[in-house]
Structure formats: C-alpha cells, structure tokens
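Report on the following structure.
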Amino acid sequence: MQERLDSIDREILKILEKDAKTIAKTIAEQLGLTKTPVYERIRRLEQEGYIKNYAAILDKEKIEQSITVFSFVSLEAQKGHLMDDFLNQVKQFAEVTECFVVGGEFDFLLKVIVKDLDAYYDFAKTKIASLPNIGAVKSAFVLKEVKNETSFPLL
C-alpha cells in the first residue's frame, strides 16, 4: 500500500520537477539531510509511481515545432468501442502530445504540435479527418504562450 506524501517527499518532488538531473547529494544539502535517506526516498517515490518518468523539455522553436493547436473533436456516435478506437488511433500520431476525454460540446481535446500551418493542414486532412466516426473538428491556434508549466502545485 502506498504511503501518503510527507513534507520531505513533497520538497524532493518539487526539486526534481524543476530539474530532474538534481542529484541526491544536492537535494540532501538543500533539505538539510544526508544523501542516503534522500536517495532511498527518491527510489521509493519511483517504485510507488509518484515519479513516472524523467524527461528533457525541448525548446519547440529550436527544433522547428513552433505551432501549437488545440483541436476539439466530436464523434458522430459516442459508443464505447468507437471512442476506444479513436483513442487508439490518436495515440499513434506523433503530432498529438496530449489527449483528453472531455465533457460538453466536444468529446476530445487534442494538443497538437507541428512545424507550421501547412503541417497542421496535412495532419488534420490526412490523419484526423480520415478517421472513421469523426463528427466535427474545431481548432484553436496558439498565438502567444503565456505560461507553460510542467510541474504540479504540490502544497
């Protein structure tokens, strides 16, 4: 059974969210602890699934993936297997970086990252529009990114 997070666990997670390359020794120094218990806590947090993965955050401008589009997708029919089929297909599209099942006017919200508008047009035409059971797709193009945090508010 997973234990609840205590204040030290939360501080460790905050540090690792800001910089996953921070070593246990540095974390221990910041928290006024020794290295071994910090290392053991990190290992436990990994094993219990609090830390799912470590990743590098790339600069999308430098890698020439500078357009972010939010695509709102509704299906013609919302039967369970049809929704599952859509989700399985969308998981295969490299351009889709996030996918949410949502309530309201649409069934799904996709975050799509592409090089330019032509690339989005190709994506929408050859991938999304070609899927069976697509009812409607509405797109919102990001003009300016004001805030993009990768960390959770750990209180």
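Identifiers in this document derive from the order of the structure tokens: chains are assigned A, B, ..., residues are numbered from 1 separately in each chain, and ligands are numbered from 1 in order of occurrence.
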
* A:Leu110 environment, 6 Å, only C-alpha atoms, sequence neighbours closer than 2 positions dropped, as an MDAnalysis selection string -> chainID A and resid 70:71 98:99

Store the residues of this selection in a file with N, CA, C and O atoms, as a short mmCIF file (atom, residue, chain, number, x, y, z; two decimals), in the first residue's frame.
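In the end it all went to part-v5.cif:
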data_model
loop_
_atom_site.label_atom_id
_atom_site.label_comp_id
_atom_site.auth_asym_id
_atom_site.auth_seq_id
_atom_site.Cartn_x
_atom_site.Cartn_y
_atom_site.Cartn_z
N PHE A 70 -4.90 23.54 -30.43
CA PHE A 70 -5.82 22.74 -29.65
C PHE A 70 -6.98 22.35 -30.55
O PHE A 70 -7.66 23.23 -31.10
N SER A 71 -7.16 21.06 -30.75
CA SER A 71 -8.21 20.55 -31.64
C SER A 71 -9.30 19.92 -30.79
O SER A 71 -9.05 19.01 -30.01
N GLU A 98 -0.81 15.63 -26.28
CA GLU A 98 -1.72 15.38 -25.17
C GLU A 98 -3.11 15.13 -25.73
O GLU A 98 -3.50 15.72 -26.75
N CYS A 99 -3.86 14.27 -25.05
CA CYS A 99 -5.22 13.95 -25.47
C CYS A 99 -6.08 13.78 -24.23
O CYS A 99 -5.70 13.06 -23.30
#

* Write out as a list in words each polymer residue whose atoms come within 12 Å of stretch 29-42 of chain A, counting only C-alpha atoms; drop sequence neighbours fewer than 6 positions from it. => Glu3, Leu5, Asp6, Ser7, Ile8, Asp9, Arg10, Glu11, Ile12, Leu13, Lys14, Ile15, Leu16, Ala20, Thr22, Ile23, Glu48, Gly49, Tyr50, Ile51 and Lys52 of chain A

Could you save those same residues with C-alpha atoms as a PDB file, in the first residue's frame?
ATOM      1  CA  GLU A   3       2.109   5.816   1.936  1.00  0.00           C
ATOM      2  CA  LEU A   5       3.500  12.023   0.974  1.00  0.00           C
ATOM      3  CA  ASP A   6       5.100  13.847   3.860  1.00  0.00           C
ATOM      4  CA  SER A   7       6.649  17.328   3.648  1.00  0.00           C
ATOM      5  CA  ILE A   8      10.109  15.964   2.786  1.00  0.00           C
ATOM      6  CA  ASP A   9       8.698  13.833  -0.059  1.00  0.00           C
ATOM      7  CA  ARG A  10       6.900  16.910  -1.398  1.00  0.00           C
ATOM      8  CA  GLU A  11      10.065  19.002  -1.259  1.00  0.00           C
ATOM      9  CA  ILE A  12      12.023  16.289  -3.077  1.00  0.00           C
ATOM     10  CA  LEU A  13       9.346  16.140  -5.771  1.00  0.00           C
ATOM     11  CA  LYS A  14       9.369  19.944  -6.156  1.00  0.00           C
ATOM     12  CA  ILE A  15      13.138  19.939  -6.622  1.00  0.00           C
ATOM     13  CA  LEU A  16      13.060  17.093  -9.144  1.00  0.00           C
ATOM     14  CA  ALA A  20      15.257  16.129 -12.832  1.00  0.00           C
ATOM     15  CA  THR A  22      19.453  17.195  -9.476  1.00  0.00           C
ATOM     16  CA  ILE A  23      21.441  14.534  -7.657  1.00  0.00           C
ATOM     17  CA  GLU A  48       5.338   3.725  -5.849  1.00  0.00           C
ATOM     18  CA  GLY A  49       4.664   5.557  -9.106  1.00  0.00           C
ATOM     19  CA  TYR A  50       4.793   9.145  -7.829  1.00  0.00           C
ATOM     20  CA  ILE A  51       7.636   9.704 -10.280  1.00  0.00           C
ATOM     21  CA  LYS A  52       6.507   8.228 -13.584  1.00  0.00           C
TER      22      LYS A  52
END

* For each of A:Arg44, A:Asp116, A:Gly104, A:Asn53, take the minimum atom-to-atom distance to A:Glu17, counting only C-alpha atoms, then give the residue where this is smallest. =>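 Residue with the minimum atom-to-atom distance to A:Glu17: A:Asn53.
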
With 9 Å as the cut-off and only C-alpha atoms counted, what is the closest atom pair between each nearby residue of stretch 11-77 of chain A and stretch 124-139 of chain A? Distances in Å to one decimal, ordered by chain and number, as a Markdown table.
| residue | atom | partner | partner_atom | distance |
| --- | --- | --- | --- | --- |
| A:Val69 | CA | A:Ser139 | CA | 6.5 |
| A:Phe70 | CA | A:Ser139 | CA | 5.7 |
| A:Ser71 | CA | A:Ser139 | CA | 4.4 |
| A:Phe72 | CA | A:Lys138 | CA | 5.1 |
| A:Val73 | CA | A:Val137 | CA | 4.6 |
| A:Ser74 | CA | A:Ala136 | CA | 5.2 |
| A:Leu75 | CA | A:Gly135 | CA | 4.4 |
| A:Glu76 | CA | A:Gly135 | CA | 4.4 |
| A:Ala77 | CA | A:Asn133 | CA | 6.7 |

Keeping N, CA, C and O atoms for every residue in the selection just given, could you write it to a file as a short mmCIF file (atom, residue, chain, number, x, y, z; two decimals), in the first residue's frame?
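The resulting result.cif:
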data_model
loop_
_atom_site.label_atom_id
_atom_site.label_comp_id
_atom_site.auth_asym_id
_atom_site.auth_seq_id
_atom_site.Cartn_x
_atom_site.Cartn_y
_atom_site.Cartn_z
N VAL A 69 -1.61 23.79 -31.54
CA VAL A 69 -3.02 23.86 -31.91
C VAL A 69 -3.81 22.99 -30.92
O VAL A 69 -3.40 21.86 -30.63
N PHE A 70 -4.90 23.54 -30.43
CA PHE A 70 -5.82 22.74 -29.65
C PHE A 70 -6.98 22.35 -30.55
O PHE A 70 -7.66 23.23 -31.10
N SER A 71 -7.16 21.06 -30.75
CA SER A 71 -8.21 20.55 -31.64
C SER A 71 -9.30 19.92 -30.79
O SER A 71 -9.05 19.01 -30.01
N PHE A 72 -10.50 20.44 -30.96
CA PHE A 72 -11.66 19.92 -30.26
C PHE A 72 -12.36 18.97 -31.23
O PHE A 72 -12.76 19.39 -32.32
N VAL A 73 -12.51 17.72 -30.83
CA VAL A 73 -13.04 16.70 -31.73
C VAL A 73 -14.32 16.11 -31.13
O VAL A 73 -14.36 15.76 -29.95
N SER A 74 -15.34 16.00 -31.98
CA SER A 74 -16.54 15.27 -31.56
C SER A 74 -16.76 14.12 -32.53
O SER A 74 -16.42 14.21 -33.70
N LEU A 75 -17.27 13.05 -31.99
CA LEU A 75 -17.56 11.87 -32.80
C LEU A 75 -19.03 11.88 -33.21
O LEU A 75 -19.86 12.49 -32.54
N GLU A 76 -19.33 11.20 -34.30
CA GLU A 76 -20.73 11.09 -34.72
C GLU A 76 -21.52 10.26 -33.73
O GLU A 76 -22.67 10.55 -33.44
N ALA A 77 -20.89 9.19 -33.21
CA ALA A 77 -21.53 8.33 -32.21
C ALA A 77 -20.56 8.13 -31.06
O ALA A 77 -19.37 7.95 -31.28
#

* atom CA of A:Gln89 and atom CA of A:Thr68 are how many Å apart? -> 20.0 Å

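We find atom CA of A:Ser66 and atom CA of A:Val114 to be spaced 6.4 Å apart.
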
Which of stretch 47-106 of chain A DSSP labels strand (DSSP E or B), written as a compact mmCIF listing (two decimals) with N, CA, C and O atoms, in the first residue's frame:
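The resulting file, states_28.txt, is reproduced below:
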# COMPACT_ATOMS: atom_id res chain seq x y z
N ILE A 67 4.26 25.61 -33.86
CA ILE A 67 2.82 25.89 -33.83
C ILE A 67 2.13 24.91 -32.88
O ILE A 67 2.27 23.69 -33.00
N THR A 68 1.38 25.46 -31.93
CA THR A 68 0.57 24.65 -31.02
C THR A 68 -0.88 24.89 -31.38
O THR A 68 -1.33 26.03 -31.51
N VAL A 69 -1.61 23.79 -31.54
CA VAL A 69 -3.02 23.86 -31.91
C VAL A 69 -3.81 22.99 -30.92
O VAL A 69 -3.40 21.86 -30.63
N PHE A 70 -4.90 23.54 -30.43
CA PHE A 70 -5.82 22.74 -29.65
C PHE A 70 -6.98 22.35 -30.55
O PHE A 70 -7.66 23.23 -31.10
N SER A 71 -7.16 21.06 -30.75
CA SER A 71 -8.21 20.55 -31.64
C SER A 71 -9.30 19.92 -30.79
O SER A 71 -9.05 19.01 -30.01
N PHE A 72 -10.50 20.44 -30.96
CA PHE A 72 -11.66 19.92 -30.26
C PHE A 72 -12.36 18.97 -31.23
O PHE A 72 -12.76 19.39 -32.32
N VAL A 73 -12.51 17.72 -30.83
CA VAL A 73 -13.04 16.70 -31.73
C VAL A 73 -14.32 16.11 -31.13
O VAL A 73 -14.36 15.76 -29.95
N SER A 74 -15.34 16.00 -31.98
CA SER A 74 -16.54 15.27 -31.56
C SER A 74 -16.76 14.12 -32.53
O SER A 74 -16.42 14.21 -33.70
N LEU A 75 -17.27 13.05 -31.99
CA LEU A 75 -17.56 11.87 -32.80
C LEU A 75 -19.03 11.88 -33.21
O LEU A 75 -19.86 12.49 -32.54
N VAL A 96 0.31 14.63 -31.86
CA VAL A 96 -0.56 14.79 -30.69
C VAL A 96 0.29 14.55 -29.44
O VAL A 96 0.73 13.44 -29.20
N THR A 97 0.49 15.61 -28.67
CA THR A 97 1.30 15.49 -27.46
C THR A 97 0.46 15.26 -26.21
O THR A 97 0.97 14.76 -25.21
N GLU A 98 -0.81 15.63 -26.28
CA GLU A 98 -1.72 15.38 -25.17
C GLU A 98 -3.11 15.13 -25.73
O GLU A 98 -3.50 15.72 -26.75
N CYS A 99 -3.86 14.27 -25.05
CA CYS A 99 -5.22 13.95 -25.47
C CYS A 99 -6.08 13.78 -24.23
O CYS A 99 -5.70 13.06 -23.30
N PHE A 100 -7.21 14.46 -24.23
CA PHE A 100 -8.11 14.41 -23.08
C PHE A 100 -9.51 14.04 -23.55
O PHE A 100 -9.97 14.53 -24.58
N VAL A 101 -10.18 13.19 -22.78
CA VAL A 101 -11.61 12.94 -22.99
C VAL A 101 -12.31 14.02 -22.17
O VAL A 101 -12.02 14.18 -20.98

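Going from atom CA of A:Asp85 over to atom CA of A:Glu105, you cover 19.8 Å.
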
* To do: Per DSSP on the backbone, filter chain A down to the residues in helix (DSSP H, G or I) and report them as number ranges by chain.
  => A: 7-18, 24-31, 35-47, 80-90, 117-128

* **Using only C-alpha atoms: which of A:Asp122, A:Glu145, A:Glu46, A:Asp84 has the shortest distance to A:Asp107** =>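 Using only C-alpha atoms, the shortest distance to A:Asp107 belongs to A:Asp84.
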
* Structure fact -> Using only C-alpha atoms, the shortest atom-to-atom distance to A:Lys18 among A:Ala140, A:Glu149, A:Lys111, A:Leu87 belongs to A:Glu149

* For A:Val102, which residue out of A:Leu45, A:Met83, A:Glu64, A:Asn88 is the nearest one, using only C-alpha atoms? ->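 Looking only at the distances to A:Val102, the closest residue turns out to be A:Met83.
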